[in-house]
4 protein chains.
Amino acid sequence: MAGSIYGTIFKISTWGESHGKGIGVVIDGCPAGIALSEEDIQKQLDRRRPGQNRYTTARAETDQVEILSGVFEGQTTGTPISLLVRNQDQRSRDYGTIAKLYRPGHADYTYDQKYGIRDYRGGGRSSGRETIGRVAAGAVAQKLLAELGITVTAYVSAIGPVEIDRASMDFAYAKESPVRMPDPQATERALAWLEECIRSQDSSGGAVECIVEHLPAGLGEPCFEKLDAALAQALMSIGAVKAVEIGDGTAVRAAKGSENNDAYLCADDGIPYKATNHSGGILGGISDGSPLFLRASFKPTPSIAQPQSMLGKDGQCHVETIHGRHDPIVVARAVPVVEAMTAITLADHLLLAMTSQMRYVKKIWETKK
Amino acid sequence: MAGSIYGTIFKISTWGESHGKGIGVVIDGCPAGIALSEEDIQKQLDRRRPGQNRYTTARAETDQVEILSGVFEGQTTGTPISLLVRNQDQRSRDYGTIAKLYRPGHADYTYDQKYGIRDYRGGGRSSGRETIGRVAAGAVAQKLLAELGITVTAYVSAIGPVEIDRASMDFAYAKESPVRMPDPQATERALAWLEECIRSQDSSGGAVECIVEHLPAGLGEPCFEKLDAALAQALMSIGAVKAVEIGDGTAVRAAKGSENNDAYLCADDGIPYKATNHSGGILGGISDGSPLFLRASFKPTPSIAQPQSMLGKDGQCHVETIHGRHDPIVVARAVPVVEAMTAITLADHLLLAMTSQMRYVKKIWETKK
Amino acid sequence: MAGSIYGTIFKISTWGESHGKGIGVVIDGCPAGIALSEEDIQKQLDRRRPGQNRYTTARAETDQVEILSGVFEGQTTGTPISLLVRNQDQRSRDYGTIAKLYRPGHADYTYDQKYGIRDYRGGGRSSGRETIGRVAAGAVAQKLLAELGITVTAYVSAIGPVEIDRASMDFAYAKESPVRMPDPQATERALAWLEECIRSQDSSGGAVECIVEHLPAGLGEPCFEKLDAALAQALMSIGAVKAVEIGDGTAVRAAKGSENNDAYLCADDGIPYKATNHSGGILGGISDGSPLFLRASFKPTPSIAQPQSMLGKDGQCHVETIHGRHDPIVVARAVPVVEAMTAITLADHLLLAMTSQMRYVKKIWETKK
Amino acid sequence: MAGSIYGTIFKISTWGESHGKGIGVVIDGCPAGIALSEEDIQKQLDRRRPGQNRYTTARAETDQVEILSGVFEGQTTGTPISLLVRNQDQRSRDYGTIAKLYRPGHADYTYDQKYGIRDYRGGGRSSGRETIGRVAAGAVAQKLLAELGITVTAYVSAIGPVEIDRASMDFAYAKESPVRMPDPQATERALAWLEECIRSQDSSGGAVECIVEHLPAGLGEPCFEKLDAALAQALMSIGAVKAVEIGDGTAVRAAKGSENNDAYLCADDGIPYKATNHSGGILGGISDGSPLFLRASFKPTPSIAQPQSMLGKDGQCHVETIHGRHDPIVVARAVPVVEAMTAITLADHLLLAMTSQMRYVKKIWETKK
């Protein structure tokens with residue numbers, strides 16, 4: 001249980017290190033009969049890929065995916081789907097410094113404490129490249145959700161001090177925005193802020209929000225596997241995330257009940273609706289049919305080009321500068337990762353919730369006896 | 001998988017409804033050889049119990065726990081520990097209104113959507129009484145952690161607009177504070193705020209923070225079972241929690257890398273330490289030996305004595321007032337629940353992490369061949 | 001993970017020791033909407049109960065079950081079902097001998113090796129009373145299966161050298177047979193054999209067979225969770241079972257392919273059928289629509305009234321006689337246990353298999369959007 | 001949960017079809033610090049490989065393994081180990097007949113019933129090539145066990161009517177025997193029997209036995225995860241296995257308690273031992289320190305060159321002959337598969353059992369605070 005397997009029915013098992021032979025994922029439990037091609041997955045990997053603009057690392061990887069199993073004649077067969085992305089950029093180099101030093105804000109020290117050994121090349125398993133397996137599996141989960149019309153859309157809502165204007169969000173623009181913000185003005189201010197970060201050899205935190213639409217009511221299990229609890233684990237498991245919020249999130253602590261409760265109203269035609277969605281689409285851990293609203297806060301990239309005080313394996317402190325590729329932010333590239341983890345979690349809960357009522361069980365099985 | 005089982009090695013299985021025969025938990029996987037008595041568990045249940053002051057419900061329950069199995073001659077035996085708390089307050093009453101209405105902010109509608117049937121008496125499984133099983137299991141986990149000197153301490157950090165002053169926290173005072181705040185001034189202001197809420201038949205949100213001390217480095221699994229991801233699930237699974245933060249939490253999104261990185265420094269005597277703890281004791285999902293710092297934000301109690309627009313099972317909207325016991329806040333009673341979920345998660349990860357190195361495996365088994 | 005939790009969706013968590021306060025089980029993941037009463041469960045427990053004739057122990061227990069949660073107005077609600085049976089026969093006695101000795105064929109030595117402590121009273125957790133939790137959970141699983149018309153029927157097929165005559169099985173008689181054999185002649189010979197065992201202060205092995213009818217094709221997961229693999233774990237986990245066979249079982253090793261293959265034939269009306277059922281209803285780990293056929297072989301009860309050489313906690317060997325209640329066979333009382341473990345496993349796989357095809361997923365969810 | 005993931009701590013996730021791009025496995029939870037090379041794994045794969053003599057299929061595959069992750073500088077790092085074997089023999093051919101027919105004794109019909117679609121090329125996921133993932137993972141498990149001196153040795157004990165002579169087993173000879181029997185005379189008779197099978201276009205069943213030596217006492221969890229229950233699942237999950245026996249297996253049903261109990265005796269020097277090992281090294285589901293003894297019975301290969309009555313997708317019966325490669329037995333090639341599944345199960349239980357006592361927990365963690 002090194003923790004690289006996730007899910008109960010729709011189970012994913014990711015593997016791979018930054019500078020090993022490749023990165024991949026095995027999906028076990030995907031239902032049979034979903035149309036799936038390498039293009040479906042490649043499209044999402046391309047959104048995650050580095051080197052897209054100057055605010056992300058220049059590492060030249062094409063990250064081509066190969067489907068090794070589980071698909072036959074263009075359809076999933078119900079057996080495990082194995083996806084492989086070979087690492088290309090494995091040029092050997094001198095890792096002398098990084099091999100012997102624990103960098104602030106990185107997992108170097110903790111991996112060594114846990115395992116007594118670590119693959120220090122490019123961060124090993126704790127590298128951002130680990131998210132390739134998540135995004136590839138997420139692409140499959142999104143295909144499953146799409147068959148039911150469920151959509152998962154993430155975007156950048158904050159970079160450093162810059163927040164988007166929620167009153168005028170433009171999702172079409174978000175696809176063009178180099179920082180994936182659905183707001184041209186905020187994008188401009190964010191780019192200025194990032195220039196300043198780059199100039200001062202620094203990096204910036206940010207936030208990614210995610211909206212899920214057309215999700216049926218009834219997903220999520222009471223108690224420990226509440227839908228929000230599952231999503232909290234899913235998003236917090238993405239490297240650099242330090243907070244997960246559902247609906248109004250931290251703002252609820254200053255709210256009153258009369259403000260926070262989402263009243264049920266009935267339209268003139270008698271159709272009921274929730275007047276507001278402070279709950280973010282989840283009540284008692286179960287989806288209520290309104291859109292899900294999630295937010296993840298990302299810490300600034302710990303890799304900065306400034307000299308820092310590091311801990312050596314020799315137990316001494318050393319002031320050093322880490323050379324190499326540094327992203328000033330991770331949030332832009334994290335957008336497809338947040339979508340992927342959300343989609344994977346929802347696919348799993350959609351399948352789980354099929355077993356909640358005896359009349360559903362009968363519906364499926366009675367014809368087969 | 002109705003989601004009432006939690007953990008990989010230290011596994012808990014909770015059960016029980018608000019107005020059923022009782023509430024309980026079965027713990028499977030607790031190591032043998034830990035001293036355990038009913039008093040150890042009762043002590044924690046007493047901290048959770050309602051009716052302690054006017055800011056919590058007046059329900060008269062003594063919540064006496066009974067150990068039904070797994071303990072012999074005062075010690076855990078390694079077999080399942082079954083704990084039972086009988087419900088006392090089961091007076092029959094007219095549930096007519098609540099049986100037919102979905103209250104705003106409650107799980108009434110979503111349970112019916114999921115299961116097609118719900119035990120509407122007192123909220124059924126979605127009642128706050130469900131946390132009895134968590135607190136009872138948490139008491140056992142805390143006994144395990146205590147054997148290694150690990151301490152878990154939660155307290156209320158915010159109620160409505162009132163926040164504690166972090167510069168002068170007084171943990172001894174927190175035990176006396178009727179709202180469990182480690183700050184006499186904040187307590188006073190919080191009480192005034194709660195009086196106002198009660199007067200206006202309203203309720204208030206708040207926040208609970210938790211600090212874990214003396215935790216070794218090396219707990220937590222990379223990827224999906226990161227220690228912070230596990231804790232995020234654990235805390236978000238508590239009813240009413242809408243946000244979970246680790247370390248600096250949502251504040252990281254406005255921070256720069258140079259500010260957020262915790263530099264390693266060496267003392268004059270050569271002993272290294274982290275200059276700051278923005279990471280909250282976790283790096284790359286693995287504990288770094290510094291104290292853990294967690295925060296959960298709770299929404300205001302949805303039960304308020306005001307008339308509200310509710311949805312009927314008849315599909316119509318009805319403006320009704322729910323009579324009965326209403327807590328103006330849940331955070332004070334949530335303090336032992338947050339401690340319990342944190343302790344249970346750490347106990348599980350402590351056991352999991354024993355298997356991370358071959359030299360540990362050898363240490364245990366070589367003497368037994 | 002002390003191993004007392006079983007299942008993926010339909011999950012059971014059993015607990016309890018022979019001479020502790022009680023025995024019980026929590027079922028998590030049972031679908032909502034199944035009619036369930038204490039009588040449904042009591043009926044099965046009564047079949048398992050000791051003291052029914054002179055071939056089973058005289059322990060006077062009524063084993064009354066109490067449903068503590070998860071059922072409302074006579075129906076399962078989808079939340080955990082907690083079932084409790086109090087132990088009545090807890091008279092204190094002198095356990096001096098048994099506390100200090102490891103009996104041959106019992107788990108005394110291995111529990112001490114594993115845990116360093118054991119509840120030696122009546123065998124503790126390794127007692128036959130542990131099966132109460134299994135039978136209680138099995139009664140719930142049988143209710144689920146009954147809604148689809150699936151039946152699970154076990155019987156004794158062998159006791160010592162006596163085997164039933166498979167050509168003339170009489171299942172109605174099996175209910176009357178004091179040894180639950182569907183064969184009056186075999187019953188008579190088995191009783192004679194047991195008299196001889198009792199006279200010589202000895203015990204006897206035996207076998208239980210189980211037939212499942214009206215099971216749809218398509219249950220079971222390829223690879224590690226094959227239906228036969230799951231059933232093998234389920235039956236082998238019953239104390240005293242030393243062999244599990246599916247279909248022709250061990251006889252396959254002497255068979256030829258042309259004999260063992262079940263040819264598909266078509267009736268005059270064109271309806272296809274399997275000419276034989278050597279496979280026992282499972283091909284490639286998946287049910288094929290024919291009846292399941294399982295067999296479990298039970299070792300003779302290790303408790304015999306003869307003097308035996310035992311190992312002391314002092315490391316010395318001691319020849320002692322264990323006094324107390326001894327069953328000459330366990331197979332008769334094991335019949336409802338085999339049915340229970342089979343039913344629990346099938347219920348779980350029935351729920352799991354609902355998620356195997358995208359068209360099933362659509363069938364359930366499309367109406368709920 | 002398509003069932004291709006196995007284990008609780010030492011978790012394996014296999015994937016791949018007979019005529020897809022490859023076969024592989026991801027191992028999550030292998031402790032860090034075990035020396036591991038591709039040669040370690042290749043050695044076991046070579047033992048499983050077809051084409052070694054005329055009694056196994058002539059398929060020309062070299063089955064070269066590639067370690068894609070989880071190993072650094074020759075040692076396991078604790079992160080997932082991904083192993084890949086590319087399929088070479090993917091020559092396209094006419095699958096017309098097999099695509100439209102369900103063969104007797106094969107999983108063709110059941111896969112279609114379960115998934116509504118199947119990869120019919122060479123049996124797809126239900127092919128014997130699926131065991132490549134098991135053997136590769138087993139090689140890693142064996143490395144782990146070897147560090148503690150535990151050995152796992154399987155051999156063929158029966159082929160058709162030929163059984164080995166247990167009184168004179170020669171394990172050195174078993175490596176030379178073309179049918180992996182530890183008995184030259186039995187080998188000769190088995191070869192004669194197989195010639196007869198080949199002549200008559202038929203196949204034969206057989207049995208594989210497995211002995212585990214130097215296993216410590218204390219492995220296995222009471223109740224559902226008994227060591228024998230886990231091994232029963234592990235072996236029954238191998239295609240073609242129809243019976244699993246532990247110790248005396250099915251013979252226990254005719255035994256008396258006085259015969260079956262393994263008496264504890266003390267040697268002249270006072271050292272205790274078990275006089276016999278009828279239990280096969282497991283009591284109450286927990287290893288007792290004696291050698292484990294397991295037996296799996298394999299059905300005859302269903303692929304035979306005779307005309308057989310098959311079921312068509314058209315619902316009609318068709319008498320057809322399946323051309324292609326047919327093994328007259330599978331047991332010889334199953335020997336490394338049985339060893340692999342045994343080793344994987346033991347590795348998992350070895351890690352699980354580390355958490356059974358609080359004093360073990362203290363031993364590992366106290367030094368790390």
# chains A, B, ... in the order shown; residues from 1 in each chain; ligands from 1
call {"tool": "closest_atom_pairs", "arguments": {"of": "region 187-262 of chain C", "to": "region 258-268 of chain D", "cutoff": "10 Å", "atoms": "only C-alpha atoms", "output": "CSV"}}
result
residue,atom,partner,partner_atom,distance
C:Ser200,CA,D:Ser258,CA,9.8
C:Gln201,CA,D:Ser258,CA,8.9
C:Asp202,CA,D:Ser258,CA,6.3
C:Ser203,CA,D:Ser258,CA,7.4
C:Ser204,CA,D:Ser258,CA,9.1
C:Gly205,CA,D:Asn260,CA,9.1
call {"tool": "residues_around", "arguments": {"residues": "region 128-143 of chain A", "least_positions_apart": "5", "cutoff": "6 Å", "atoms": "only C-alpha atoms", "output": "MDAnalysis selection string"}}
result
chainID A and resid 14 18 24:25 41 337 340 343:344 347
call {"tool": "write_last_selection", "arguments": {"atoms": "N, CA and C atoms", "output": "CSV table (one decimal), in the first residue's frame"}}
result
chain,number,residue,atom,x,y,z
A,14,THR,N,-1.4,4.2,-10.6
A,14,THR,CA,-0.4,4.9,-11.4
A,14,THR,C,1.0,4.5,-10.9
A,18,SER,N,10.0,10.7,-12.6
A,18,SER,CA,10.4,11.8,-13.6
A,18,SER,C,11.4,11.4,-14.6
A,24,GLY,N,2.9,5.8,-16.2
A,24,GLY,CA,1.7,5.2,-16.7
A,24,GLY,C,0.6,5.0,-15.7
A,25,VAL,N,-0.4,4.3,-16.1
A,25,VAL,CA,-1.5,4.0,-15.2
A,25,VAL,C,-2.3,2.8,-15.8
A,41,ILE,N,-7.3,10.3,-25.1
A,41,ILE,CA,-6.4,10.5,-24.0
A,41,ILE,C,-5.3,11.6,-24.3
A,337,VAL,N,-5.4,18.5,-14.4
A,337,VAL,CA,-5.2,17.5,-13.3
A,337,VAL,C,-6.4,17.6,-12.3
A,340,ALA,N,-9.2,15.9,-14.0
A,340,ALA,CA,-9.0,14.4,-14.0
A,340,ALA,C,-9.4,13.8,-12.6
A,343,ALA,N,-13.1,13.9,-12.2
A,343,ALA,CA,-13.8,12.9,-13.0
A,343,ALA,C,-13.6,11.5,-12.5
A,344,ILE,N,-12.4,11.2,-12.1
A,344,ILE,CA,-12.1,9.8,-11.7
A,344,ILE,C,-13.0,9.5,-10.4
A,347,ALA,N,-16.7,9.1,-11.4
A,347,ALA,CA,-16.9,7.9,-12.2
A,347,ALA,C,-17.1,6.8,-11.1
call {"tool": "interface_residues", "arguments": {"of": "chain B", "to": "chain C", "cutoff": "7 Å", "atoms": "only C-alpha atoms", "output": "ChimeraX atom specification"}}
result
/B:1-2,4,8-11,15-17,20-22,28-29,32,68-69,72,77-80,82,115,117-119
call {"tool": "residues_around", "arguments": {"residues": "region 150-152 of chain C", "least_positions_apart": "3", "cutoff": "8 Å", "atoms": "only C-alpha atoms", "output": "PyMOL selection string"}}
result
chain C and resi 142+145-147+210-215+339+342-343
call {"tool": "residues_around", "arguments": {"residues": "Pro104 (chain B)", "least_positions_apart": "4", "cutoff": "12 Å", "atoms": "only C-alpha atoms", "output": "ChimeraX atom specification"}}
result
/A:257-265,273-279,282-284,288 /B:98,108-110,301-304,306-312,317-322
call {"tool": "residues_around", "arguments": {"residues": "Glu245 (chain C)", "least_positions_apart": "5", "cutoff": "6 Å", "atoms": "only C-alpha atoms", "output": "list in words"}}
result
Leu294 and Arg295 of chain C; Lys242 and Ala243 of chain D
call {"tool": "write_last_selection", "arguments": {"atoms": "N, CA, C and O atoms", "output": "PDB file, in the first residue's frame"}}
result
ATOM      1  N   LEU C 294     -20.431 -26.581  -4.997  1.00  0.00           N
ATOM      2  CA  LEU C 294     -19.260 -26.371  -4.138  1.00  0.00           C
ATOM      3  C   LEU C 294     -19.170 -27.470  -3.099  1.00  0.00           C
ATOM      4  O   LEU C 294     -20.197 -27.978  -2.655  1.00  0.00           O
ATOM      5  N   ARG C 295     -17.955 -27.777  -2.677  1.00  0.00           N
ATOM      6  CA  ARG C 295     -17.783 -28.751  -1.592  1.00  0.00           C
ATOM      7  C   ARG C 295     -16.661 -28.295  -0.655  1.00  0.00           C
ATOM      8  O   ARG C 295     -15.598 -27.879  -1.104  1.00  0.00           O
TER       9      ARG C 295
ATOM     10  N   LYS D 242      -9.564 -26.206  -9.964  1.00  0.00           N
ATOM     11  CA  LYS D 242     -10.924 -26.537  -9.504  1.00  0.00           C
ATOM     12  C   LYS D 242     -10.958 -26.986  -8.044  1.00  0.00           C
ATOM     13  O   LYS D 242     -12.044 -27.248  -7.500  1.00  0.00           O
ATOM     14  N   ALA D 243      -9.796 -27.131  -7.403  1.00  0.00           N
ATOM     15  CA  ALA D 243      -9.788 -27.523  -5.993  1.00  0.00           C
ATOM     16  C   ALA D 243      -8.504 -27.037  -5.354  1.00  0.00           C
ATOM     17  O   ALA D 243      -7.445 -27.054  -5.991  1.00  0.00           O
TER      18      ALA D 243
END
call {"tool": "residues_around", "arguments": {"residues": "Ala232 (chain B)", "least_positions_apart": "5", "cutoff": "7 Å", "atoms": "only C-alpha atoms", "output": "PyMOL selection string"}}
result
(chain A and resi 232-233+236) or (chain B and resi 244)
call {"tool": "residues_around", "arguments": {"residues": "Glu39 (chain D)", "least_positions_apart": "3", "cutoff": "10 Å", "atoms": "only C-alpha atoms", "output": "PyMOL selection string"}}
result
chain D and resi 36+42-45+64-66+139
call {"tool": "select_by_dssp", "arguments": {"residues": "region 83-162 of chain A", "states": "strand (DSSP E or B)", "output": "PDB file with N, CA and C atoms, in the first residue's frame"}}
result
ATOM      1  N   LEU A  83      -2.103   2.170 -19.791  1.00  0.00           N
ATOM      2  CA  LEU A  83      -1.683   3.320 -20.596  1.00  0.00           C
ATOM      3  C   LEU A  83      -0.226   3.643 -20.282  1.00  0.00           C
ATOM      4  N   LEU A  84       0.565   3.851 -21.327  1.00  0.00           N
ATOM      5  CA  LEU A  84       1.999   4.076 -21.154  1.00  0.00           C
ATOM      6  C   LEU A  84       2.438   5.346 -21.863  1.00  0.00           C
ATOM      7  N   VAL A  85       3.212   6.173 -21.156  1.00  0.00           N
ATOM      8  CA  VAL A  85       3.871   7.340 -21.747  1.00  0.00           C
ATOM      9  C   VAL A  85       5.362   7.189 -21.460  1.00  0.00           C
ATOM     10  N   ARG A  86       6.154   7.048 -22.493  1.00  0.00           N
ATOM     11  CA  ARG A  86       7.604   6.935 -22.309  1.00  0.00           C
ATOM     12  C   ARG A  86       8.194   8.300 -21.975  1.00  0.00           C
ATOM     13  N   LEU A 101      21.444  16.955  -1.135  1.00  0.00           N
ATOM     14  CA  LEU A 101      20.774  18.036  -0.396  1.00  0.00           C
ATOM     15  C   LEU A 101      19.268  17.830  -0.327  1.00  0.00           C
ATOM     16  N   TYR A 102      18.687  18.247   0.775  1.00  0.00           N
ATOM     17  CA  TYR A 102      17.228  18.277   0.902  1.00  0.00           C
ATOM     18  C   TYR A 102      16.758  19.708   0.657  1.00  0.00           C
ATOM     19  N   THR A 151     -20.507  17.105 -17.293  1.00  0.00           N
ATOM     20  CA  THR A 151     -19.310  17.841 -17.707  1.00  0.00           C
ATOM     21  C   THR A 151     -18.523  18.320 -16.496  1.00  0.00           C
ATOM     22  N   VAL A 152     -17.196  18.333 -16.643  1.00  0.00           N
ATOM     23  CA  VAL A 152     -16.282  18.738 -15.575  1.00  0.00           C
ATOM     24  C   VAL A 152     -15.389  19.838 -16.133  1.00  0.00           C
ATOM     25  N   THR A 153     -15.458  21.030 -15.562  1.00  0.00           N
ATOM     26  CA  THR A 153     -14.728  22.167 -16.110  1.00  0.00           C
ATOM     27  C   THR A 153     -13.943  22.878 -15.015  1.00  0.00           C
ATOM     28  N   ALA A 154     -12.616  22.896 -15.153  1.00  0.00           N
ATOM     29  CA  ALA A 154     -11.789  23.615 -14.188  1.00  0.00           C
ATOM     30  C   ALA A 154     -11.155  24.831 -14.842  1.00  0.00           C
ATOM     31  N   TYR A 155     -10.739  25.764 -14.026  1.00  0.00           N
ATOM     32  CA  TYR A 155     -10.088  26.988 -14.517  1.00  0.00           C
ATOM     33  C   TYR A 155      -9.318  27.602 -13.366  1.00  0.00           C
ATOM     34  N   VAL A 156      -8.415  28.523 -13.684  1.00  0.00           N
ATOM     35  CA  VAL A 156      -7.629  29.204 -12.652  1.00  0.00           C
ATOM     36  C   VAL A 156      -8.435  30.386 -12.134  1.00  0.00           C
ATOM     37  N   SER A 157      -8.595  30.453 -10.819  1.00  0.00           N
ATOM     38  CA  SER A 157      -9.385  31.550 -10.242  1.00  0.00           C
ATOM     39  C   SER A 157      -8.525  32.577  -9.530  1.00  0.00           C
ATOM     40  N   ALA A 158      -7.279  32.216  -9.192  1.00  0.00           N
ATOM     41  CA  ALA A 158      -6.401  33.173  -8.503  1.00  0.00           C
ATOM     42  C   ALA A 158      -4.946  32.835  -8.782  1.00  0.00           C
ATOM     43  N   ILE A 159      -4.152  33.891  -8.945  1.00  0.00           N
ATOM     44  CA  ILE A 159      -2.701  33.762  -9.052  1.00  0.00           C
ATOM     45  C   ILE A 159      -2.112  34.867  -8.203  1.00  0.00           C
ATOM     46  N   VAL A 162      -3.947  38.216  -7.528  1.00  0.00           N
ATOM     47  CA  VAL A 162      -4.947  38.469  -8.570  1.00  0.00           C
ATOM     48  C   VAL A 162      -6.072  37.438  -8.505  1.00  0.00           C
TER      49      VAL A 162
END
